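Here is the structure we will look at.
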Amino acid sequence: MKMTHEHHEFTGSLHQPLITHMLQYRQYLPLQSYLQATSNLTPRLDRLIQLGEAILQNNIDQVNQLADSLNLHYITKPTHLQQRAYFYLEYMHLQFARKEYGDYFRALSPLLVDVLRLVIERNIMPQLNEFIVPIIKENDEGNGIYRGLQWKQSRVESSDNIINQTFHKYYGERFNYDHYVSSSHLNKIIDDHTVDEEIRNLTIKIRHVEKLVRNIAAHEIVYIDDDFVKHRSGLSLTEIRNCIEELTDKAGLSNRQIRQVFTDINQQIMQELDLEQ
């Protein structure tokens, strides 16, 4: 009993700044180890920490299980695609806050594919998902593994739909359906068919950043700072982040409760430890 009291006092005084720092930068696994070492890791704390880490890792199945067990049901309300984009965007915010700009820009293309899909579904073509198919291919051991998303040729070419129109415009009769769905494909569809000029301008800007900043960061070892980004794209780091934020709002990813999920988790962790935020 005396040891438990000492551990609580030890955690609540000298090491509160350490816990606050770990939560601020989403260092959930080090926090878990620390609380285990100081005998302060309760079952609820453990689930909250696991939830934070699962969101960072975009482990949607584990996120939903843990959120339900903690009665944080608002986390499970968005669709799978929306959850994936919400959580990945929060991960990118963390990279930006840490000034890990290389990782931030390398993460841009995966986010864009999901966000642009949502933009199209919400503003242009609600049935977009009918034109996309997940591809499973065997590896050398004969095991089927997921390889990515491709355009469903039979569906695209079955009518004079907007995807068919865009592919004919840019690729003629030679579109390669072996290509995986890319931000470039989605950007062209938006540029051709949106009536929202703000969406068109945002996607053009971000595609420009993807080509001139993200691609070099993904294929070469480069030092990235604000000067580098401004020189290549004409936009500052803050302007790019704001463009991404505006585009995600256009995609319908504007649920403030979900966007503040880490704040909620961290507050509950602090309350469980009986510490001030």
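Chain labels follow the order of the structure tokens: the first chain is A, the next B, and so on; residue numbering restarts at 1 in every chain, and ligands are counted from 1 in their shown order.
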Please build the interface table for stretch 103-141 of chain A against stretch 229-241 of chain A with a cut-off of 12 Å, listing for each qualifying residue the nearest atom pair and the distance in Å to one decimal; count only C-alpha atoms, order rows by chain and increasing number, and write it as a tab-separated table.
residue	atom	partner	partner_atom	distance
A:Tyr104	CA	A:Arg241	CA	9.9
A:Phe105	CA	A:Val229	CA	10.0
A:Leu108	CA	A:Arg241	CA	10.5
>> Taking only stretch 62-273 of chain A into account, list the residues labelled alpha helix (DSSP H) by DSSP (computed from the backbone), as an MDAnalysis selection string.
In response: chainID A and resid 62:69 80:97 101:106 108:123 153:156 162:171 183:193 197:209 215:219 226:233 237:250 256:259 261:272
>> Can you tell me which residues surround stretch 50-66 of chain A at a distance of at most 7 Å, considering only C-alpha atoms, apart from same-chain residues fewer than 2 positions away, and format the answer as a PyMOL selection string?
In response: chain A and resi 28+46-48+68-70+76+84+87-88+91+262+265
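Each of A:Phe228, A:Tyr74, A:Phe167, A:Tyr86 was compared to A:Asp264 using only C-alpha atoms, and A:Tyr74 turns out to be the nearest.
Here atom CA of A:Leu116 and atom CA of A:Asn215 stand 17.9 Å from one another.
Between A:His15 and the residues A:Thr38, A:Ser154, A:Asn164, A:Gln260, the shortest atom-to-atom distance, using only C-alpha atoms, involves A:Thr38.
Taking atom CA of A:Ile145 as the reference point, atom CA of A:Asp178 is found at 16.1 Å.
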> Looking only at the backbone, which of the residues in stretch 42-161 of chain A does DSSP tag as strand (DSSP E), as JSON, numbers by chain?
Replying inline: {"A": [132, 133, 134, 135, 136, 137, 138, 144, 145, 146, 147, 148, 149, 150, 151]}
Based on the selection just made, write N, CA and C atoms of those residues as a PDB file, in the first residue's frame.
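What landed in result.pdb:
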ATOM      1  N   ILE A 132     -14.531   1.156 -58.782  1.00  0.00           N
ATOM      2  CA  ILE A 132     -13.225   0.821 -58.217  1.00  0.00           C
ATOM      3  C   ILE A 132     -13.274  -0.583 -57.642  1.00  0.00           C
ATOM      4  N   VAL A 133     -12.217  -1.350 -57.862  1.00  0.00           N
ATOM      5  CA  VAL A 133     -12.192  -2.731 -57.383  1.00  0.00           C
ATOM      6  C   VAL A 133     -10.861  -3.015 -56.688  1.00  0.00           C
ATOM      7  N   PRO A 134     -10.880  -3.665 -55.505  1.00  0.00           N
ATOM      8  CA  PRO A 134      -9.633  -4.065 -54.851  1.00  0.00           C
ATOM      9  C   PRO A 134      -9.013  -5.248 -55.582  1.00  0.00           C
ATOM     10  N   ILE A 135      -7.703  -5.237 -55.716  1.00  0.00           N
ATOM     11  CA  ILE A 135      -6.999  -6.271 -56.475  1.00  0.00           C
ATOM     12  C   ILE A 135      -6.235  -7.195 -55.523  1.00  0.00           C
ATOM     13  N   ILE A 136      -6.483  -8.487 -55.659  1.00  0.00           N
ATOM     14  CA  ILE A 136      -5.769  -9.510 -54.904  1.00  0.00           C
ATOM     15  C   ILE A 136      -4.925 -10.312 -55.897  1.00  0.00           C
ATOM     16  N   LYS A 137      -3.622 -10.397 -55.638  1.00  0.00           N
ATOM     17  CA  LYS A 137      -2.735 -11.177 -56.508  1.00  0.00           C
ATOM     18  C   LYS A 137      -1.899 -12.120 -55.658  1.00  0.00           C
ATOM     19  N   GLU A 138      -1.539 -13.243 -56.268  1.00  0.00           N
ATOM     20  CA  GLU A 138      -0.716 -14.213 -55.552  1.00  0.00           C
ATOM     21  C   GLU A 138       0.734 -13.744 -55.493  1.00  0.00           C
ATOM     22  N   GLY A 144      -2.647 -15.217 -51.745  1.00  0.00           N
ATOM     23  CA  GLY A 144      -3.300 -14.036 -52.269  1.00  0.00           C
ATOM     24  C   GLY A 144      -3.105 -12.846 -51.347  1.00  0.00           C
ATOM     25  N   ILE A 145      -2.564 -11.757 -51.869  1.00  0.00           N
ATOM     26  CA  ILE A 145      -2.355 -10.558 -51.060  1.00  0.00           C
ATOM     27  C   ILE A 145      -2.979  -9.357 -51.765  1.00  0.00           C
ATOM     28  N   TYR A 146      -3.458  -8.433 -50.965  1.00  0.00           N
ATOM     29  CA  TYR A 146      -4.051  -7.213 -51.509  1.00  0.00           C
ATOM     30  C   TYR A 146      -2.953  -6.350 -52.110  1.00  0.00           C
ATOM     31  N   ARG A 147      -3.164  -5.887 -53.350  1.00  0.00           N
ATOM     32  CA  ARG A 147      -2.144  -5.102 -54.040  1.00  0.00           C
ATOM     33  C   ARG A 147      -2.543  -3.645 -54.241  1.00  0.00           C
ATOM     34  N   GLY A 148      -3.818  -3.324 -54.117  1.00  0.00           N
ATOM     35  CA  GLY A 148      -4.246  -1.950 -54.315  1.00  0.00           C
ATOM     36  C   GLY A 148      -5.585  -1.872 -55.015  1.00  0.00           C
ATOM     37  N   LEU A 149      -5.973  -0.657 -55.399  1.00  0.00           N
ATOM     38  CA  LEU A 149      -7.244  -0.421 -56.063  1.00  0.00           C
ATOM     39  C   LEU A 149      -7.021  -0.140 -57.538  1.00  0.00           C
ATOM     40  N   GLN A 150      -7.858  -0.729 -58.373  1.00  0.00           N
ATOM     41  CA  GLN A 150      -7.817  -0.448 -59.803  1.00  0.00           C
ATOM     42  C   GLN A 150      -9.209  -0.038 -60.274  1.00  0.00           C
ATOM     43  N   TRP A 151      -9.244   0.624 -61.446  1.00  0.00           N
ATOM     44  CA  TRP A 151     -10.508   0.973 -62.060  1.00  0.00           C
ATOM     45  C   TRP A 151     -11.142  -0.281 -62.668  1.00  0.00           C
TER      46      TRP A 151
END
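Shortest separation to A:Arg214 among A:Pro126, A:Gly142, A:Pro110, A:Gly252 occurs at residue A:Pro110, atoms counted being only C-alpha atoms.
The interatomic distance for the pair atom CA of A:Asn266 and atom CA of A:Met22 works out to 9.8 Å.
Nearest to A:Glu121 of all the residues A:Leu23, A:Val261, A:Leu31, A:Ile189 is A:Ile189, counting only C-alpha atoms.
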